[in-house]
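The next block is start26.cif, given as mmCIF, C-alpha atoms.
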```
data_run
loop_
_atom_site.label_atom_id
_atom_site.label_comp_id
_atom_site.auth_asym_id
_atom_site.auth_seq_id
_atom_site.Cartn_x
_atom_site.Cartn_y
_atom_site.Cartn_z
CA MET A 28 10.72 -10.42 -12.46
CA LYS A 29 12.32 -7.04 -13.11
CA ALA A 30 10.36 -3.89 -12.33
CA ILE A 31 11.08 -0.20 -12.83
CA VAL A 32 9.25 2.26 -10.59
CA LEU A 33 9.08 5.80 -11.95
CA GLY A 34 9.06 8.23 -9.03
CA GLY A 35 10.65 8.35 -5.57
CA GLY A 36 7.92 9.95 -3.49
CA VAL A 37 6.00 8.08 -0.80
CA ILE A 38 3.86 6.31 -3.45
CA GLY A 39 6.82 5.15 -5.53
CA VAL A 40 8.91 4.05 -2.54
CA SER A 41 6.00 2.13 -1.03
CA THR A 42 5.46 0.39 -4.36
CA ALA A 43 9.14 -0.49 -4.65
CA TYR A 44 9.28 -1.86 -1.12
CA HIS A 45 6.28 -4.12 -1.64
CA LEU A 46 7.58 -5.32 -5.00
CA ALA A 47 10.92 -6.25 -3.45
CA GLN A 48 9.18 -7.96 -0.57
CA ALA A 49 7.33 -10.07 -3.14
CA GLY A 50 10.61 -11.10 -4.76
CA ALA A 51 10.96 -8.64 -7.65
CA GLU A 52 14.21 -7.03 -8.80
CA VAL A 53 13.39 -3.33 -8.54
CA THR A 54 14.91 -0.08 -9.78
CA VAL A 55 13.48 3.31 -8.75
CA LEU A 56 14.07 6.35 -10.95
CA GLU A 57 13.91 9.75 -9.28
CA ARG A 58 14.92 13.16 -10.64
CA GLN A 59 15.72 14.62 -7.20
CA PRO A 60 18.90 13.79 -5.21
CA GLY A 61 16.86 11.77 -2.70
CA VAL A 62 13.40 10.40 -1.91
CA ALA A 63 10.37 12.41 -0.80
CA LEU A 64 11.75 15.82 -1.75
CA GLU A 65 8.67 17.13 -3.58
CA THR A 66 4.99 16.54 -2.69
CA SER A 67 5.89 14.07 0.08
CA PHE A 68 8.30 16.45 1.79
CA ALA A 69 6.18 18.59 4.14
CA ASN A 70 2.54 17.61 3.82
CA ALA A 71 0.00 17.91 6.63
CA GLY A 72 1.05 14.64 8.25
CA GLN A 73 -2.38 13.01 8.32
CA VAL A 74 -3.08 9.33 7.78
CA SER A 75 -6.80 9.92 7.63
CA PRO A 76 -8.99 7.19 6.11
CA GLY A 77 -11.93 8.55 8.07
CA TYR A 78 -11.46 11.94 6.43
CA SER A 79 -11.13 10.53 2.91
CA THR A 80 -13.63 12.95 1.42
CA PRO A 81 -13.93 14.04 -2.23
CA TRP A 82 -13.30 17.70 -2.94
CA ALA A 83 -16.08 17.41 -5.52
CA ALA A 84 -19.22 17.51 -3.38
CA PRO A 85 -22.76 18.90 -3.49
CA GLY A 86 -22.69 22.64 -2.83
CA ILE A 87 -19.05 23.08 -3.80
CA PRO A 88 -19.74 25.10 -6.99
CA LEU A 89 -21.58 27.78 -5.01
CA LYS A 90 -19.01 27.69 -2.21
CA ALA A 91 -16.20 28.04 -4.75
CA ILE A 92 -17.70 31.28 -6.09
CA LYS A 93 -17.88 32.68 -2.56
CA TRP A 94 -14.35 31.52 -1.73
CA LEU A 95 -12.90 33.43 -4.67
CA MET A 96 -13.90 36.63 -2.90
CA GLN A 97 -12.65 35.72 0.59
CA ARG A 98 -9.26 36.52 2.03
CA HIS A 99 -8.81 33.22 3.89
CA ALA A 100 -10.57 30.96 1.39
CA PRO A 101 -9.50 27.30 1.14
CA LEU A 102 -9.62 27.44 -2.67
CA ALA A 103 -8.05 29.84 -5.15
CA TRP A 104 -7.98 29.77 -8.93
CA GLN A 105 -5.70 31.36 -11.49
CA PRO A 106 -5.86 30.53 -15.22
CA ASP A 107 -2.74 28.65 -16.28
CA GLY A 108 -3.30 29.13 -20.01
CA SER A 109 -4.15 25.50 -20.72
CA LEU A 110 -7.28 23.88 -22.08
CA PHE A 111 -6.58 20.98 -19.74
CA GLN A 112 -7.28 23.15 -16.69
CA TRP A 113 -10.76 23.99 -18.01
CA ARG A 114 -11.48 20.37 -18.92
CA TRP A 115 -10.38 19.22 -15.48
CA MET A 116 -12.52 21.80 -13.67
CA ALA A 117 -15.55 20.89 -15.80
CA ALA A 118 -15.05 17.23 -14.94
CA MET A 119 -14.79 18.07 -11.25
CA LEU A 120 -18.06 20.01 -11.41
CA ARG A 121 -19.76 16.99 -12.98
CA ASN A 122 -18.77 15.03 -9.89
CA CYS A 123 -20.44 17.53 -7.53
CA THR A 124 -23.66 15.54 -7.17
CA ALA A 125 -24.89 13.54 -4.20
CA GLU A 126 -24.77 10.32 -6.22
CA ARG A 127 -21.20 10.81 -7.46
CA TYR A 128 -20.07 11.99 -4.03
CA GLY A 129 -21.27 8.76 -2.45
CA VAL A 130 -19.60 6.60 -5.10
CA ASN A 131 -16.31 8.47 -4.88
CA LYS A 132 -16.22 8.54 -1.10
CA GLU A 133 -16.75 4.78 -0.92
CA ARG A 134 -13.86 4.19 -3.34
CA MET A 135 -11.55 6.50 -1.43
CA THR A 136 -12.51 5.08 1.97
CA ARG A 137 -12.03 1.50 0.75
CA LEU A 138 -8.46 2.18 -0.32
CA ALA A 139 -7.63 4.46 2.62
CA GLU A 140 -8.85 2.01 5.28
CA TYR A 141 -6.88 -0.78 3.67
CA SER A 142 -3.82 1.46 3.47
CA ARG A 143 -4.01 2.41 7.16
CA ASP A 144 -4.20 -1.29 8.07
CA ARG A 145 -1.23 -2.03 5.82
CA LEU A 146 0.74 0.79 7.47
CA ARG A 147 0.11 -0.77 10.87
CA GLN A 148 1.35 -4.11 9.53
CA LEU A 149 4.49 -2.41 8.22
CA ARG A 150 5.20 -1.07 11.69
CA LEU A 151 4.86 -4.55 13.15
CA GLU A 152 7.07 -6.11 10.47
CA THR A 153 9.84 -3.52 10.41
CA GLY A 154 9.69 -1.38 13.56
CA ILE A 155 9.75 1.72 11.34
CA GLU A 156 9.53 5.02 13.28
CA TYR A 157 8.32 8.35 11.85
CA GLU A 158 6.99 10.37 14.83
CA GLN A 159 3.71 8.50 14.47
CA ARG A 160 0.67 8.97 16.69
CA THR A 161 -2.51 6.89 16.73
CA LEU A 162 -4.97 9.21 18.48
CA GLY A 163 -7.23 9.89 15.50
CA THR A 164 -8.42 13.01 13.68
CA LEU A 165 -10.81 15.60 15.11
CA GLN A 166 -12.72 17.52 12.44
CA VAL A 167 -14.05 20.76 13.97
CA PHE A 168 -17.05 22.72 12.74
CA ARG A 169 -17.93 26.38 13.02
CA THR A 170 -21.47 26.28 11.56
CA ALA A 171 -24.65 24.21 11.88
CA ALA A 172 -24.51 23.52 8.14
CA GLN A 173 -21.12 21.83 8.54
CA MET A 174 -22.53 19.69 11.35
CA GLU A 175 -25.42 18.60 9.15
CA SER A 176 -23.08 17.74 6.28
CA ALA A 177 -20.98 15.62 8.64
CA ARG A 178 -24.12 13.86 9.85
CA ARG A 179 -24.89 12.84 6.26
CA ASP A 180 -21.31 11.68 5.77
CA THR A 181 -21.61 9.26 8.67
CA GLN A 182 -23.89 7.10 6.51
CA VAL A 183 -20.90 6.23 4.33
CA LEU A 184 -18.74 5.73 7.41
CA ASP A 185 -21.34 3.31 8.77
CA ALA A 186 -21.45 1.42 5.48
CA CYS A 187 -17.64 1.11 5.44
CA GLY A 188 -17.40 0.17 9.11
CA VAL A 189 -15.40 3.27 10.05
CA PRO A 190 -15.65 4.15 13.76
CA TYR A 191 -16.52 7.74 14.65
CA ARG A 192 -18.04 9.99 17.28
CA LEU A 193 -20.18 12.94 16.23
CA MET A 194 -20.05 15.69 18.86
CA THR A 195 -22.86 18.26 18.69
CA ASP A 196 -21.68 20.04 21.82
CA ARG A 197 -18.49 22.12 21.56
CA ASP A 198 -17.79 21.44 25.25
CA ALA A 199 -17.08 17.82 24.31
CA LEU A 200 -14.17 18.77 22.04
CA PRO A 201 -11.59 19.15 24.86
CA GLU A 202 -12.21 15.51 25.77
CA ILE A 203 -10.35 14.66 22.57
CA GLU A 204 -8.09 17.71 22.25
CA PRO A 205 -7.72 19.43 25.66
CA ALA A 206 -6.10 22.57 24.20
CA LEU A 207 -9.35 23.37 22.33
CA ALA A 208 -10.82 24.50 25.64
CA HIS A 209 -9.21 27.85 24.81
CA ALA A 210 -10.59 28.06 21.24
CA ALA A 211 -13.59 30.19 20.29
CA GLY A 212 -16.11 29.93 17.46
CA LEU A 213 -16.55 26.15 17.35
CA VAL A 214 -19.95 24.41 17.46
CA GLY A 215 -18.96 20.73 17.41
CA GLY A 216 -16.86 18.10 15.73
CA LEU A 217 -16.41 14.63 14.32
CA HIS A 218 -13.80 12.39 15.90
CA LEU A 219 -12.29 9.60 13.80
CA PRO A 220 -10.32 7.44 16.26
CA GLY A 221 -8.92 5.11 13.59
CA ASP A 222 -6.88 7.86 11.93
CA GLU A 223 -3.17 8.37 12.54
CA THR A 224 -0.42 10.95 12.03
CA GLY A 225 3.26 10.99 11.18
CA ASP A 226 6.06 12.66 9.24
CA CYS A 227 5.66 11.44 5.65
CA GLN A 228 9.15 12.47 4.56
CA ARG A 229 10.76 10.66 7.49
CA PHE A 230 8.64 7.56 6.79
CA THR A 231 9.59 7.55 3.11
CA THR A 232 13.29 7.97 3.85
CA GLN A 233 13.29 5.07 6.30
CA LEU A 234 11.19 2.86 4.03
CA ALA A 235 13.66 3.53 1.20
CA GLU A 236 16.47 2.23 3.43
CA LEU A 237 14.44 -0.88 4.19
CA ALA A 238 13.83 -1.29 0.45
CA LYS A 239 17.55 -0.99 -0.28
CA ALA A 240 18.16 -3.79 2.23
CA LYS A 241 15.83 -5.92 0.11
CA GLY A 242 17.85 -5.15 -3.01
CA VAL A 243 16.00 -2.14 -4.45
CA ARG A 244 18.28 0.08 -6.50
CA PHE A 245 17.63 3.84 -6.41
CA ARG A 246 18.89 6.02 -9.24
CA PHE A 247 18.71 9.66 -8.16
CA ASP A 248 19.28 12.78 -10.26
CA THR A 249 17.82 10.78 -13.14
CA ARG A 250 15.43 12.39 -15.60
CA ILE A 251 13.05 10.40 -17.78
CA ALA A 252 12.67 11.47 -21.40
CA SER A 253 10.00 9.03 -22.62
CA LEU A 254 8.56 5.54 -22.50
CA LYS A 255 9.28 3.32 -25.48
CA THR A 256 6.50 0.99 -26.66
CA SER A 257 5.81 -1.75 -29.16
CA GLY A 258 2.21 -2.77 -29.73
CA ASP A 259 0.49 -3.20 -26.38
CA ARG A 260 3.67 -3.31 -24.29
CA VAL A 261 6.18 -0.86 -22.88
CA THR A 262 9.65 -1.89 -23.98
CA GLY A 263 11.82 0.54 -22.08
CA VAL A 264 12.39 3.85 -20.28
CA GLN A 265 14.53 6.29 -22.21
CA LEU A 266 16.48 8.67 -19.99
CA GLU A 267 17.70 12.11 -20.88
CA GLY A 268 21.07 11.47 -22.44
CA GLY A 269 19.86 8.47 -24.42
CA GLU A 270 20.22 5.52 -22.02
CA VAL A 271 17.35 3.01 -22.20
CA LEU A 272 16.41 0.82 -19.24
CA GLU A 273 14.35 -2.31 -19.73
CA ALA A 274 12.18 -4.36 -17.37
CA ASP A 275 9.25 -6.79 -17.28
CA ARG A 276 6.92 -4.38 -15.47
CA TYR A 277 6.78 -0.58 -15.32
CA ILE A 278 4.97 1.31 -12.56
CA LEU A 279 4.26 5.01 -13.00
CA ALA A 280 4.23 6.96 -9.72
CA LEU A 281 5.21 10.43 -10.90
CA GLY A 282 2.37 12.36 -9.28
CA CYS A 283 1.58 15.58 -11.13
CA TYR A 284 4.11 14.73 -13.83
CA SER A 285 2.43 11.46 -14.80
CA ARG A 286 0.16 13.02 -17.40
CA GLU A 287 2.89 14.56 -19.54
CA LEU A 288 4.85 11.32 -19.79
CA LEU A 289 1.82 9.26 -20.84
CA GLN A 290 0.30 11.60 -23.41
CA PRO A 291 2.53 10.35 -26.26
CA LEU A 292 1.27 6.83 -25.46
CA GLY A 293 -2.35 7.84 -26.06
CA LEU A 294 -3.24 7.72 -22.36
CA ASP A 295 -5.09 10.84 -21.18
CA LEU A 296 -4.65 11.07 -17.41
CA PRO A 297 -6.92 13.62 -15.69
CA VAL A 298 -4.29 14.44 -13.05
CA TYR A 299 -3.95 18.15 -12.28
CA PRO A 300 -1.38 19.84 -9.98
CA VAL A 301 -3.31 21.29 -7.04
CA LYS A 302 -1.00 23.52 -5.04
CA GLY A 303 -0.95 23.26 -1.27
CA TYR A 304 1.00 24.94 1.51
CA SER A 305 2.30 24.06 4.96
CA LEU A 306 4.00 25.57 7.98
CA THR A 307 6.29 23.58 10.24
CA VAL A 308 6.20 25.30 13.61
CA PRO A 309 8.51 24.65 16.60
CA LEU A 310 6.58 23.46 19.66
CA VAL A 311 6.96 25.63 22.78
CA ASP A 312 3.95 24.66 24.94
CA ALA A 313 2.51 21.15 24.59
CA SER A 314 -0.50 22.03 26.76
CA ARG A 315 -1.67 24.47 24.09
CA ALA A 316 -0.96 22.26 21.09
CA PRO A 317 -2.89 19.40 19.48
CA ARG A 318 -2.23 15.84 20.62
CA SER A 319 -2.93 14.45 17.15
CA THR A 320 -4.61 16.08 14.09
CA VAL A 321 -7.32 18.72 14.11
CA MET A 322 -9.00 19.52 10.81
CA ASP A 323 -10.68 22.93 10.54
CA GLU A 324 -13.57 22.31 8.14
CA THR A 325 -14.13 25.99 7.42
CA TYR A 326 -10.65 26.66 6.07
CA LYS A 327 -9.75 23.07 5.08
CA VAL A 328 -6.59 23.36 7.17
CA ALA A 329 -5.11 20.47 9.15
CA ILE A 330 -3.02 20.99 12.28
CA THR A 331 -0.90 17.97 13.18
CA ARG A 332 1.36 17.28 16.13
CA PHE A 333 4.78 15.74 15.67
CA ASP A 334 7.20 15.18 18.58
CA GLN A 335 8.58 18.71 18.88
CA ARG A 336 6.85 20.37 15.92
CA ILE A 337 3.39 21.34 14.71
CA ARG A 338 2.62 20.91 11.02
CA VAL A 339 -0.12 23.15 9.58
CA GLY A 340 -1.19 22.24 6.06
CA GLY A 341 -3.92 23.00 3.60
CA MET A 342 -5.23 25.30 0.89
CA ALA A 343 -5.87 24.43 -2.74
CA GLU A 344 -4.72 26.58 -5.64
CA LEU A 345 -5.53 25.73 -9.25
CA ALA A 346 -2.65 27.53 -10.92
CA GLY A 347 -0.70 24.97 -12.90
CA PHE A 348 2.89 24.18 -11.94
CA ASP A 349 3.53 27.46 -10.12
CA LEU A 350 5.71 26.77 -7.05
CA ARG A 351 6.07 30.33 -5.78
CA LEU A 352 5.35 30.88 -2.08
CA ASN A 353 2.33 33.14 -1.63
CA PRO A 354 2.52 35.16 1.64
CA ARG A 355 -1.30 35.37 1.74
CA ARG A 356 -1.47 31.60 2.17
CA ARG A 357 1.02 31.78 5.01
CA ALA A 358 -1.19 34.37 6.68
CA THR A 359 -4.17 32.01 6.46
CA LEU A 360 -2.26 29.09 7.96
CA GLU A 361 -0.97 31.30 10.77
CA MET A 362 -4.47 32.64 11.42
CA VAL A 363 -6.02 29.16 11.74
CA LEU A 364 -3.24 27.88 13.99
CA GLY A 365 -3.39 30.95 16.23
CA ASN A 366 -7.17 30.70 16.49
CA LEU A 367 -7.14 27.09 17.69
CA PHE A 368 -3.75 26.55 19.32
CA THR A 369 -1.15 28.89 20.78
CA GLY A 370 1.58 26.41 21.65
CA GLY A 371 3.81 27.01 18.62
CA ASP A 372 6.50 29.57 17.83
CA ILE A 373 4.86 30.91 14.66
CA PRO A 374 7.54 33.50 13.72
CA LYS A 375 10.08 30.65 13.45
CA ALA A 376 7.88 28.52 11.20
CA GLU A 377 9.20 27.04 7.94
CA PHE A 378 6.92 27.85 4.98
CA TRP A 379 6.60 25.28 2.16
CA THR A 380 4.53 24.56 -0.93
CA GLY A 381 3.96 21.45 -3.02
CA LEU A 382 1.79 20.15 -5.85
CA ARG A 383 -0.76 17.41 -5.16
CA PRO A 384 -1.74 15.20 -8.11
CA MET A 385 -5.54 15.47 -8.09
CA THR A 386 -8.18 13.74 -10.20
CA PRO A 387 -11.60 15.34 -10.84
CA ASP A 388 -13.31 12.82 -8.55
CA SER A 389 -10.52 12.88 -5.89
CA THR A 390 -10.03 9.11 -6.26
CA PRO A 391 -6.51 8.00 -7.26
CA ILE A 392 -5.76 6.06 -10.42
CA VAL A 393 -4.38 2.71 -9.33
CA GLY A 394 -3.98 -0.36 -11.49
CA PRO A 395 -3.54 -1.58 -15.07
CA THR A 396 -3.60 0.25 -18.39
CA ARG A 397 -4.14 -0.92 -21.97
CA TYR A 398 -0.39 -1.59 -22.05
CA ASP A 399 -0.01 -5.08 -20.60
CA ASN A 400 3.06 -4.34 -18.48
CA LEU A 401 2.36 -0.73 -17.43
CA LEU A 402 0.59 -0.01 -14.14
CA LEU A 403 -0.39 3.31 -12.62
CA ASN A 404 -0.13 4.51 -9.03
CA THR A 405 -0.89 8.20 -9.18
CA GLY A 406 -3.54 10.89 -8.65
CA HIS A 407 -3.83 10.59 -4.86
CA GLY A 408 -4.39 14.32 -4.37
CA THR A 409 -4.31 15.37 -0.72
CA LEU A 410 -4.32 11.74 0.48
CA GLY A 411 -1.06 10.35 -0.88
CA TRP A 412 0.34 9.79 2.62
CA THR A 413 -2.94 8.25 3.77
CA MET A 414 -3.13 5.85 0.82
CA ALA A 415 0.56 5.13 0.20
CA ALA A 416 1.06 1.83 1.99
CA GLY A 417 -2.12 0.31 0.58
CA SER A 418 -1.60 1.60 -2.94
CA GLY A 419 1.95 0.27 -2.99
CA LYS A 420 0.87 -3.19 -1.84
CA LEU A 421 -2.09 -3.22 -4.25
CA VAL A 422 0.02 -2.36 -7.31
CA ALA A 423 2.79 -4.75 -6.28
CA ASP A 424 0.26 -7.58 -6.09
CA LEU A 425 -1.08 -6.69 -9.54
CA ALA A 426 2.42 -6.54 -10.99
CA MET A 427 3.31 -9.92 -9.51
CA GLY A 428 0.10 -11.56 -10.77
CA ARG A 429 -1.29 -12.06 -7.28
CA SER A 430 -4.82 -11.68 -5.97
CA THR A 431 -5.38 -8.29 -4.35
CA ASP A 432 -6.60 -7.86 -0.78
CA ILE A 433 -9.30 -5.40 -1.84
CA SER A 434 -11.26 -4.80 -5.03
CA ILE A 435 -9.80 -2.41 -7.58
CA ASP A 436 -13.24 -1.63 -9.02
CA GLY A 437 -13.54 2.11 -9.57
CA LEU A 438 -9.84 2.75 -8.94
CA THR A 439 -8.42 2.22 -12.42
CA LEU A 440 -8.06 4.56 -15.39
CA GLY A 441 -10.96 2.69 -16.98
CA ARG A 442 -13.51 4.79 -15.13
CA TYR A 443 -12.60 7.67 -17.46
CA ALA A 444 -12.78 5.59 -20.65
CA LYS A 445 -16.36 6.47 -21.65
CA ASN A 446 -15.90 10.22 -22.05
CA SER A 447 -13.11 12.70 -21.46
CA PHE A 448 -12.80 13.02 -17.68
CA SER A 449 -16.51 12.27 -17.19
CA PRO A 450 -18.10 10.15 -14.47
CA SER A 451 -18.67 6.63 -15.78
CA ALA A 452 -18.69 3.07 -14.64
CA ASP A 453 -15.27 1.49 -14.36
CA LEU A 454 -15.09 -0.19 -17.75
CA HIS A 455 -11.77 -1.89 -17.02
CA ARG A 456 -12.60 -4.72 -14.61
CA ALA A 457 -9.14 -6.22 -14.84
CA SER A 458 -8.17 -9.16 -12.68
CA PRO A 459 -4.58 -9.57 -11.48
CA ALA A 460 -2.60 -10.91 -14.41
#
```
Reformat the file's structure so that it appears as structure tokens.
Amino acid sequence: MKAIVLGGGVIGVSTAYHLAQAGAEVTVLERQPGVALETSFANAGQVSPGYSTPWAAPGIPLKAIKWLMQRHAPLAWQPDGSLFQWRWMAAMLRNCTAERYGVNKERMTRLAEYSRDRLRQLRLETGIEYEQRTLGTLQVFRTAAQMESARRDTQVLDACGVPYRLMTDRDALPEIEPALAHAAGLVGGLHLPGDETGDCQRFTTQLAELAKAKGVRFRFDTRIASLKTSGDRVTGVQLEGGEVLEADRYILALGCYSRELLQPLGLDLPVYPVKGYSLTVPLVDASRAPRSTVMDETYKVAITRFDQRIRVGGMAELAGFDLRLNPRRRATLEMVLGNLFTGGDIPKAEFWTGLRPMTPDSTPIVGPTRYDNLLLNTGHGTLGWTMAAGSGKLVADLAMGRSTDISIDGLTLGRYAKNSFSPSADLHRASPA
């Protein structure tokens, strides 16, 4: 079976690897000169199934209004001139109910837990190294309201079998992250010991080499013009310049650029580019740095330890495809890092921005479409690294006609079939075929 994977980020490379492992002949198309050079390049470094939480949540609309007036707010909005932006935001607001939050969190946690387990299996199978750590995530709170929200969230964690420790005493935090003994303003935290960390770009680069060893062909500096179709099948990928590539299966993993390619096919993907930022800071004092990942719930900023670096990532800007570096966002990341940890050389930090492909309900779109040989693996938002290994294996199994290890209910594009971007039951209960 021949397969073409569109996109060479962590999602596309993971898909290609698993397809090749299953015996497929795979070609990956990527417009950059190498893998993981866009959204996967310098993300926060978290593999956090325990923190797989929808952005659309009860109370978010009111918080969003307040954030627009704050200097260090986790969310910013700027009109991009498109109707799509307004439709997407309206759909997100419709997901900000307790009922939808519970449904979406279960879907995200199901895929994220599976993905973390698949990542562990990959390490055993291949010996892949990417500065990984397995000490969990510590979510820290600055207010009693955040503590109460976390307490409610533990009901879903219990239902999904996710281990955790809720700490209502700030003095317990240094038991997990000793350097937090120096931090002020914290009231407690939630420790998720099953979470992990690692350099996503390094992982993707090494996995691509392992994929090449299995016969995967990577075509870099290659731009896709369109998908050619006939009836209910995709018949080829037309490249800029006119070349057409043909395969038995096509897997779309283009992140924020998935929507534009599929619109001519009558598929309306609610995937919006949500801009995020990161700092990569040289480590100078390990005793005043995190051991794993600390997530500041107030600012939605994650601080992750690599071997000799600290990665600080977060923020969400709704501003279309704007990739300019905003110095105000750097100031926020520096502020949060300096408040919690002082073991990094902040003036020497590398500042980066990328676009996360976000759906209104924060759940990725993984699985079949109404075109028999076209599958989607996109819309992972801030959790692409967390969900990459599992999403790749899941889509590879679907493409190869195999039974999947977990249910795809609620993960497919079918959940948006009832109304434009609206919450609905997953109408597409496709079985692997």
Using the chain letters and numbers from the file, which residues does the PyMOL selection byres ((chain A and resi 301) around 9) grab, as a list in words?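 So the PyMOL selection byres ((chain A and resi 301) around 9) ends up selecting Cys283, Tyr299, Pro300, Lys302, Gly303, Ala343, Glu344, Leu345, Ala346, Gly347, Phe348, Gly381, Leu382, Arg383, Pro384, Met385, Gly408 and Thr409 of chain A.
The closest residue to Val264 of chain A, picked from A:Arg244, A:Leu289, A:Met427, A:Ile373 and counting all atoms listed in the file, is A:Leu289.
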Å distance separating atom CA of Ala210 of chain A from atom CA of Arg192 of chain A, one decimal place: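 Taking atom CA of Ala210 of chain A and atom CA of Arg192 of chain A, their separation equals 19.9 Å.
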Report as a list in words the residues that result from applying the PyMOL selection byres ((chain A and resi 220) around 10) to the structure here.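 The output of the PyMOL selection byres ((chain A and resi 220) around 10) on this file is Ser75, Gly77, Thr161, Leu162, Gly163, Thr164, Leu165, Val189, Pro190, Tyr191, Arg192, Ile203, Leu217, His218, Leu219, Gly221, Asp222 and Glu223 of chain A.
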Picked residues, the PyMOL selection byres ((chain A and resi 54) around 8), as a list in words: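 Applying the PyMOL selection byres ((chain A and resi 54) around 8) to the structure shown produces Ala30, Ile31, Val32, Ala43, Glu52, Val53, Val55, Leu56, Val243, Arg244, Phe245 and Arg246 of chain A.
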Write a file of the just-selected residues containing C-alpha atoms, as an mmCIF file, in the coordinates of the input.
```cif
data_model
loop_
_atom_site.group_PDB
_atom_site.id
_atom_site.type_symbol
_atom_site.label_atom_id
_atom_site.label_comp_id
_atom_site.auth_asym_id
_atom_site.auth_seq_id
_atom_site.Cartn_x
_atom_site.Cartn_y
_atom_site.Cartn_z
ATOM 1 C CA ALA A 30 10.360 -3.890 -12.330
ATOM 2 C CA ILE A 31 11.080 -0.200 -12.830
ATOM 3 C CA VAL A 32 9.250 2.260 -10.590
ATOM 4 C CA ALA A 43 9.140 -0.490 -4.650
ATOM 5 C CA GLU A 52 14.210 -7.030 -8.800
ATOM 6 C CA VAL A 53 13.390 -3.330 -8.540
ATOM 7 C CA VAL A 55 13.480 3.310 -8.750
ATOM 8 C CA LEU A 56 14.070 6.350 -10.950
ATOM 9 C CA VAL A 243 16.000 -2.140 -4.450
ATOM 10 C CA ARG A 244 18.280 0.080 -6.500
ATOM 11 C CA PHE A 245 17.630 3.840 -6.410
ATOM 12 C CA ARG A 246 18.890 6.020 -9.240
#
```
Atomic distance atom CA of Met362 of chain A - atom CA of Ala69 of chain A, expressed in Å with one decimal: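 For atom CA of Met362 of chain A relative to atom CA of Ala69 of chain A, the distance reads 19.1 Å.
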Quick one: residues within 10 Å of Thr331 of chain A, all atoms listed in the file, excluding same-chain residues fewer than 6 positions away - as an mmCIF file with C-alpha atoms, in the frame of the given file?
```
data_model
loop_
_atom_site.group_PDB
_atom_site.id
_atom_site.type_symbol
_atom_site.label_atom_id
_atom_site.label_comp_id
_atom_site.auth_asym_id
_atom_site.auth_seq_id
_atom_site.Cartn_x
_atom_site.Cartn_y
_atom_site.Cartn_z
ATOM 1 C CA ASN A 70 2.540 17.610 3.820
ATOM 2 C CA ALA A 71 0.000 17.910 6.630
ATOM 3 C CA GLY A 72 1.050 14.640 8.250
ATOM 4 C CA GLN A 73 -2.380 13.010 8.320
ATOM 5 C CA ARG A 160 0.670 8.970 16.690
ATOM 6 C CA THR A 164 -8.420 13.010 13.680
ATOM 7 C CA GLU A 223 -3.170 8.370 12.540
ATOM 8 C CA THR A 224 -0.420 10.950 12.030
ATOM 9 C CA GLY A 225 3.260 10.990 11.180
ATOM 10 C CA ASP A 226 6.060 12.660 9.240
ATOM 11 C CA THR A 307 6.290 23.580 10.240
ATOM 12 C CA ALA A 316 -0.960 22.260 21.090
ATOM 13 C CA PRO A 317 -2.890 19.400 19.480
ATOM 14 C CA ARG A 318 -2.230 15.840 20.620
ATOM 15 C CA SER A 319 -2.930 14.450 17.150
ATOM 16 C CA THR A 320 -4.610 16.080 14.090
ATOM 17 C CA VAL A 321 -7.320 18.720 14.110
ATOM 18 C CA MET A 322 -9.000 19.520 10.810
ATOM 19 C CA ILE A 337 3.390 21.340 14.710
ATOM 20 C CA ARG A 338 2.620 20.910 11.020
ATOM 21 C CA VAL A 339 -0.120 23.150 9.580
ATOM 22 C CA GLY A 340 -1.190 22.240 6.060
#
```
Closest of A:Ile92, A:Val37, A:Leu193, A:Leu279 to Trp104 of chain A - atom-to-atom distances counting all atoms listed in the file: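 Looking only at the distances to Trp104 of chain A, the closest residue turns out to be A:Ile92.
Relative to atom CA of Ala211 of chain A, atom CA of Met96 of chain A is found at 24.1 Å.
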Which residue is closest to Thr195 of chain A? Choose from A:His209, A:Val214, A:Val261, A:Ala139 and count only C-alpha atoms. A:Val214
Name all residues at most 7 Å from Met119 of chain A (count all atoms listed in the file; drop same-chain ones fewer than 5 positions away) and give them as a short mmCIF file (atom, residue, chain, number, x, y, z; two decimals) with C-alpha atoms, keeping the file's coordinate frame.
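Result saved to selection_32.cif:
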```cif
data_model
loop_
_atom_site.label_atom_id
_atom_site.label_comp_id
_atom_site.auth_asym_id
_atom_site.auth_seq_id
_atom_site.Cartn_x
_atom_site.Cartn_y
_atom_site.Cartn_z
CA ALA A 83 -16.08 17.41 -5.52
CA PRO A 387 -11.60 15.34 -10.84
CA ASP A 388 -13.31 12.82 -8.55
#
```
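The closest residue to His407 of chain A, picked from A:Ala49, A:Leu266, A:Leu120, A:Ile392 and counting all atoms listed in the file, is A:Ile392.
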Identify which of the residues A:Lys239, A:Arg121, A:Lys327, A:Arg332 lies closest to Arg315 of chain A, counting only C-alpha atoms when measuring atom-to-atom distances.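 Closest candidate: A:Arg332.
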